[in-house]
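Notes for the one structure printed next.
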Amino acid sequence: MKIIKGMTLVLCAAALVVSACSKKSGGAKAEAPFHIGVVTGTVSQTEDDLRGAEELIARYGKSNEGGMITHIIYPDSFMDQQETVITQIVTLADDPVMKAVIVNQGIPGTAEAFKRIREKRPDILLFAGEPHEDPLVIQQAADLALSCDFISRGYTIPWAAKQLGAKNFIHISFPRHMSYETLGLRRQVMEEACKDLGLTWIFETAPDPLSDVGQAGAQQFILEKTPQWVAAYGKDTAFFCTNDAHTEPLLRQLISNGGIFVEADLPSPLMGYPGALGIDLAAEAGNFDAILKKVESSVVERGGADRFGTWAYSYGFSVSAGLGEFAKKIIEGSTTLDDTDALYAALGEFTPGANWNGGFYIDANTGVRARNQILVYMDTYIFGKGYLNTTEIEVPQKYYNIKFNKPQ
């Protein structure tokens, strides 16, 4: 069913030169002919997404300084402030030269905001990165939705865990996330994959950072429970959590107490590792080769070789920047919305040499292939070991046919 297989995105020397020449420090030299709006979360919730927007600003300048990019940030408590979020996004359409709006991550309310923009400004491109809303909802509102391949990774993550010696697999989440089709269906695929691969499946519930306990309370829970889980299930247990805020405390305790961690929900060497390891990456900011090496060195030094992994480049960073780059090329007329090769090339500007796999989303209930939602994933990198070549694995067709059972 998947139509894009193991595409290698290599950034050629010529593209590097163009990129370097296009970067601006201190604003644009001339008024940009159009603007692109980029909406991300905060540093505390989704730092990589925000850094991707900052990369676009570094290349093309801020719109209020004559450049191209308008960056706004939605609140951490977005579930309680959906109307505020919707208004924030829709306000971007008041700019007469706004030609694209990108929301990464596409939190609840994004589809409604897109519908309202469409009513007043049908000329604006609407892109959702990592949408939280159900596929059919976002597909009806967005020109393009780009998601981490929650179906394929539902198999490849347990598969990778087994390659690292795991005997058990613990999935940590909470009801709000399990109600999302993308996350809930991946959980179902993971459970089935664990059964087929011979791993013991364990589901653990943790507090939602958006609940009354807040982010601090949710992280404290993970700090306290992880050593207990390792003691109960053993060090040959792989852990996976669906929330970014849970990732750092989980990694901190796994590094100290043992356990296996294949990759984060939205993988990046910046996701959880710097805080968990206590390393400063200020000098390496924006240089993912250097970031990966420094994190790897620290993980190996702490005894985590062959037991901890990530993606070599940040998914959130790549999506914010890559969708912005793709939108720019469409607006300038050098490509079209349906050119998936150009989309992958735009992502590739920020992930040179990385192996990707992906394909169009197919609804398991209807068998209908979406025309405007693409699922992607990158090869898994294991510290002290290297790439696992997960993008070359043939994921059995049965997992694409699993239907989502939404919790009641």
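Chain labels run A, B, ... following the order of the structure tokens; each chain numbers its residues from 1, and ligands are numbered from 1 in the order shown.
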Residues of range 147-291 of chain A in strand (DSSP E) according to DSSP, as a PyMOL selection string? chain A and resi 147-148+168-173+200-205+237-241
Save the residues we just selected, N, CA and C atoms, as a tab-separated table (two decimals), in the first residue's frame?
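Once written, out00.tsv looks like this:
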chain	number	residue	atom	x	y	z
A	147	SER	N	2.14	13.51	8.56
A	147	SER	CA	2.14	12.82	9.84
A	147	SER	C	3.31	11.86	9.94
A	148	CYS	N	3.82	11.70	11.16
A	148	CYS	CA	4.75	10.63	11.43
A	148	CYS	C	3.98	9.32	11.19
A	168	ASN	N	10.18	-7.37	27.05
A	168	ASN	CA	8.91	-6.72	27.39
A	168	ASN	C	8.84	-5.36	26.71
A	169	PHE	N	7.62	-4.87	26.52
A	169	PHE	CA	7.43	-3.57	25.89
A	169	PHE	C	6.36	-2.82	26.66
A	170	ILE	N	6.75	-1.69	27.27
A	170	ILE	CA	5.81	-0.87	28.05
A	170	ILE	C	5.43	0.37	27.26
A	171	HIS	N	4.14	0.57	27.07
A	171	HIS	CA	3.57	1.73	26.37
A	171	HIS	C	2.91	2.61	27.42
A	172	ILE	N	3.35	3.88	27.52
A	172	ILE	CA	2.87	4.81	28.54
A	172	ILE	C	2.05	5.92	27.88
A	173	SER	N	0.82	6.11	28.34
A	173	SER	CA	-0.02	7.15	27.76
A	173	SER	C	-1.16	7.49	28.71
A	200	THR	N	6.31	-9.29	25.56
A	200	THR	CA	5.20	-9.10	26.49
A	200	THR	C	4.74	-7.66	26.46
A	201	TRP	N	3.46	-7.45	26.17
A	201	TRP	CA	2.91	-6.10	26.04
A	201	TRP	C	2.38	-5.63	27.39
A	202	ILE	N	2.73	-4.39	27.77
A	202	ILE	CA	2.26	-3.80	29.03
A	202	ILE	C	1.83	-2.37	28.75
A	203	PHE	N	0.63	-2.03	29.16
A	203	PHE	CA	0.15	-0.65	29.01
A	203	PHE	C	0.10	0.00	30.38
A	204	GLU	N	0.75	1.16	30.52
A	204	GLU	CA	0.75	1.90	31.77
A	204	GLU	C	0.15	3.29	31.53
A	205	THR	N	-0.70	3.73	32.45
A	205	THR	CA	-1.33	5.05	32.36
A	205	THR	C	-0.56	6.05	33.22
A	237	THR	N	13.50	-4.45	29.23
A	237	THR	CA	12.17	-3.93	28.93
A	237	THR	C	12.32	-2.64	28.14
A	238	ALA	N	11.63	-2.56	27.02
A	238	ALA	CA	11.63	-1.35	26.20
A	238	ALA	C	10.47	-0.45	26.62
A	239	PHE	N	10.73	0.86	26.65
A	239	PHE	CA	9.72	1.83	27.07
A	239	PHE	C	9.39	2.78	25.92
A	240	PHE	N	8.12	3.15	25.85
A	240	PHE	CA	7.68	4.12	24.84
A	240	PHE	C	6.58	4.97	25.47
A	241	CYS	N	6.66	6.30	25.30
A	241	CYS	CA	5.61	7.17	25.80
A	241	CYS	C	5.10	8.07	24.68
Counting only C-alpha atoms, figure out which residue out of A:Val319, A:Ala354, A:Ala370, A:Leu185 gets nearest to Ile151 in chain A. A:Leu185
Residues at most 12 Å from Val189 in chain A, counting only C-alpha atoms, excluding those fewer than 5 positions away in the same chain, as a PyMOL selection string? chain A and resi 149-159+171+181-184+194-197+201+395-405
Please, could you write that set of residues out with N, CA and C atoms as a CSV table (one decimal), in the first residue's frame?
chain,number,residue,atom,x,y,z
A,149,ASP,N,4.6,8.4,10.5
A,149,ASP,CA,3.9,7.2,10.1
A,149,ASP,C,3.5,6.3,11.3
A,150,PHE,N,2.4,6.6,11.9
A,150,PHE,CA,2.0,5.9,13.1
A,150,PHE,C,1.6,4.4,12.9
A,151,ILE,N,1.3,4.0,11.7
A,151,ILE,CA,1.0,2.6,11.4
A,151,ILE,C,2.3,1.8,11.3
A,152,SER,N,3.2,2.2,10.4
A,152,SER,CA,4.5,1.5,10.2
A,152,SER,C,5.3,1.5,11.5
A,153,ARG,N,5.4,2.6,12.2
A,153,ARG,CA,6.2,2.7,13.4
A,153,ARG,C,5.6,1.8,14.5
A,154,GLY,N,4.3,1.6,14.4
A,154,GLY,CA,3.7,0.7,15.4
A,154,GLY,C,4.3,-0.7,15.3
A,155,TYR,N,4.8,-1.0,14.1
A,155,TYR,CA,5.5,-2.3,14.0
A,155,TYR,C,7.0,-2.1,14.1
A,156,THR,N,7.6,-1.1,13.5
A,156,THR,CA,9.1,-1.0,13.5
A,156,THR,C,9.7,-0.7,14.9
A,157,ILE,N,9.0,0.0,15.7
A,157,ILE,CA,9.5,0.3,17.1
A,157,ILE,C,9.6,-1.0,17.9
A,158,PRO,N,8.5,-1.8,18.0
A,158,PRO,CA,8.7,-3.1,18.7
A,158,PRO,C,9.7,-4.0,18.0
A,159,TRP,N,9.8,-4.0,16.7
A,159,TRP,CA,10.8,-4.8,16.0
A,159,TRP,C,12.2,-4.4,16.4
A,171,HIS,N,4.1,0.6,27.1
A,171,HIS,CA,3.6,1.7,26.4
A,171,HIS,C,2.9,2.6,27.4
A,181,GLU,N,-7.1,9.1,16.8
A,181,GLU,CA,-6.9,7.9,15.9
A,181,GLU,C,-5.5,7.6,15.6
A,182,THR,N,-4.7,8.6,15.4
A,182,THR,CA,-3.3,8.4,15.1
A,182,THR,C,-2.5,7.7,16.2
A,183,LEU,N,-2.7,8.1,17.4
A,183,LEU,CA,-2.0,7.5,18.5
A,183,LEU,C,-2.7,6.3,19.0
A,184,GLY,N,-4.0,6.2,19.0
A,184,GLY,CA,-4.7,5.1,19.5
A,184,GLY,C,-4.5,3.9,18.5
A,194,CYS,N,3.8,-6.7,19.1
A,194,CYS,CA,4.5,-7.3,20.3
A,194,CYS,C,4.1,-8.8,20.4
A,195,LYS,N,2.8,-9.1,20.2
A,195,LYS,CA,2.3,-10.5,20.3
A,195,LYS,C,3.0,-11.3,19.2
A,196,ASP,N,3.1,-10.8,18.0
A,196,ASP,CA,3.7,-11.5,16.9
A,196,ASP,C,5.2,-11.7,17.0
A,197,LEU,N,5.8,-10.7,17.7
A,197,LEU,CA,7.3,-10.7,17.8
A,197,LEU,C,7.7,-11.4,19.1
A,201,TRP,N,3.5,-7.4,26.2
A,201,TRP,CA,2.9,-6.1,26.0
A,201,TRP,C,2.4,-5.6,27.4
A,395,VAL,N,6.9,-4.0,6.3
A,395,VAL,CA,5.9,-4.1,7.4
A,395,VAL,C,4.8,-5.0,6.9
A,396,PRO,N,4.4,-6.1,7.5
A,396,PRO,CA,3.4,-6.9,7.1
A,396,PRO,C,2.1,-6.2,6.8
A,397,GLN,N,1.4,-6.5,5.7
A,397,GLN,CA,0.2,-5.8,5.3
A,397,GLN,C,-0.9,-5.9,6.4
A,398,LYS,N,-1.0,-6.9,7.2
A,398,LYS,CA,-2.0,-7.1,8.2
A,398,LYS,C,-2.2,-5.8,9.1
A,399,TYR,N,-1.0,-5.2,9.4
A,399,TYR,CA,-1.1,-4.0,10.3
A,399,TYR,C,-1.8,-2.8,9.7
A,400,TYR,N,-1.8,-2.7,8.4
A,400,TYR,CA,-2.4,-1.6,7.8
A,400,TYR,C,-3.9,-1.8,7.7
A,401,ASN,N,-4.4,-3.0,8.0
A,401,ASN,CA,-5.8,-3.3,7.9
A,401,ASN,C,-6.5,-3.3,9.3
A,402,ILE,N,-5.7,-3.0,10.4
A,402,ILE,CA,-6.3,-2.9,11.7
A,402,ILE,C,-7.2,-1.7,11.8
A,403,LYS,N,-8.4,-1.9,12.3
A,403,LYS,CA,-9.3,-0.8,12.4
A,403,LYS,C,-9.2,-0.1,13.8
A,404,PHE,N,-9.3,1.2,13.9
A,404,PHE,CA,-9.2,1.9,15.1
A,404,PHE,C,-10.5,1.7,16.0
A,405,ASN,N,-10.3,1.2,17.2
A,405,ASN,CA,-11.3,1.1,18.2
A,405,ASN,C,-11.2,2.2,19.2
Which of range 58-125 of chain A DSSP labels alpha helix (DSSP H), written as a short mmCIF file (atom, residue, chain, number, x, y, z; two decimals) with C-alpha atoms, in the first residue's frame:
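Generated file (result.cif):
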data_model
loop_
_atom_site.label_atom_id
_atom_site.label_comp_id
_atom_site.auth_asym_id
_atom_site.auth_seq_id
_atom_site.Cartn_x
_atom_site.Cartn_y
_atom_site.Cartn_z
CA ALA A 58 17.06 32.72 9.69
CA ARG A 59 16.75 31.95 5.98
CA TYR A 60 14.02 34.33 4.93
CA GLN A 82 -9.16 26.22 21.70
CA GLU A 83 -11.05 29.33 20.68
CA THR A 84 -7.94 31.40 21.40
CA VAL A 85 -5.86 29.01 19.31
CA ILE A 86 -8.37 29.16 16.45
CA THR A 87 -8.41 32.96 16.57
CA GLN A 88 -4.60 33.09 16.58
CA ILE A 89 -4.39 30.98 13.43
CA VAL A 90 -7.24 32.69 11.59
CA THR A 91 -5.77 36.15 12.30
CA THR A 110 -6.51 23.49 13.58
CA ALA A 111 -9.15 22.05 11.24
CA GLU A 112 -11.73 24.61 12.36
CA ALA A 113 -9.21 27.43 11.94
CA PHE A 114 -8.40 26.20 8.44
CA LYS A 115 -12.09 26.12 7.53
CA ARG A 116 -12.51 29.71 8.65
CA ILE A 117 -9.43 30.81 6.69
CA ARG A 118 -10.71 28.98 3.62
CA GLU A 119 -13.98 30.91 3.78
CA LYS A 120 -12.27 34.31 3.73
#
So that each row is one residue of range 143-224 of chain A with an atom at most 12 Å from range 32-54 of chain A, can you give its shortest atom pair and the distance in Å to one decimal, using only C-alpha atoms, rows by chain and rising number, as CSV?
residue,atom,partner,partner_atom,distance
A:Pro209,CA,A:Gln45,CA,9.8
A:Leu210,CA,A:Gln45,CA,10.8
A:Gly214,CA,A:Gln45,CA,11.9
A:Gln215,CA,A:Gln45,CA,9.1
A:Ala216,CA,A:Ser44,CA,11.1
Atoms kept (N, CA and C atoms) for selection, written as a short mmCIF file (atom, residue, chain, number, x, y, z; two decimals), in the first residue's frame:
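The resulting file, part_17.cif, is reproduced below:
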data_model
loop_
_atom_site.label_atom_id
_atom_site.label_comp_id
_atom_site.auth_asym_id
_atom_site.auth_seq_id
_atom_site.Cartn_x
_atom_site.Cartn_y
_atom_site.Cartn_z
N PRO A 209 -0.25 15.82 31.02
CA PRO A 209 0.31 17.13 31.41
C PRO A 209 -0.68 18.28 31.32
N LEU A 210 -1.78 18.10 30.56
CA LEU A 210 -2.78 19.15 30.44
C LEU A 210 -3.87 19.03 31.49
N GLY A 214 -0.78 19.26 35.92
CA GLY A 214 0.13 20.05 35.11
C GLY A 214 1.34 19.26 34.63
N GLN A 215 2.21 19.95 33.91
CA GLN A 215 3.39 19.30 33.36
C GLN A 215 4.33 18.83 34.47
N ALA A 216 4.50 19.65 35.49
CA ALA A 216 5.42 19.28 36.58
C ALA A 216 4.95 18.03 37.29
#
Within 9 Å of range 256-271 of chain A, counting only C-alpha atoms, which residues qualify if same-chain residues fewer than 5 places away don't, as a ChimeraX atom specification? /A:46-48,148,157-158,160-161,164-166,226-227,230-231,234-244,247-248,251,281,288,291-292,295-296,302,304,306-317,380-382
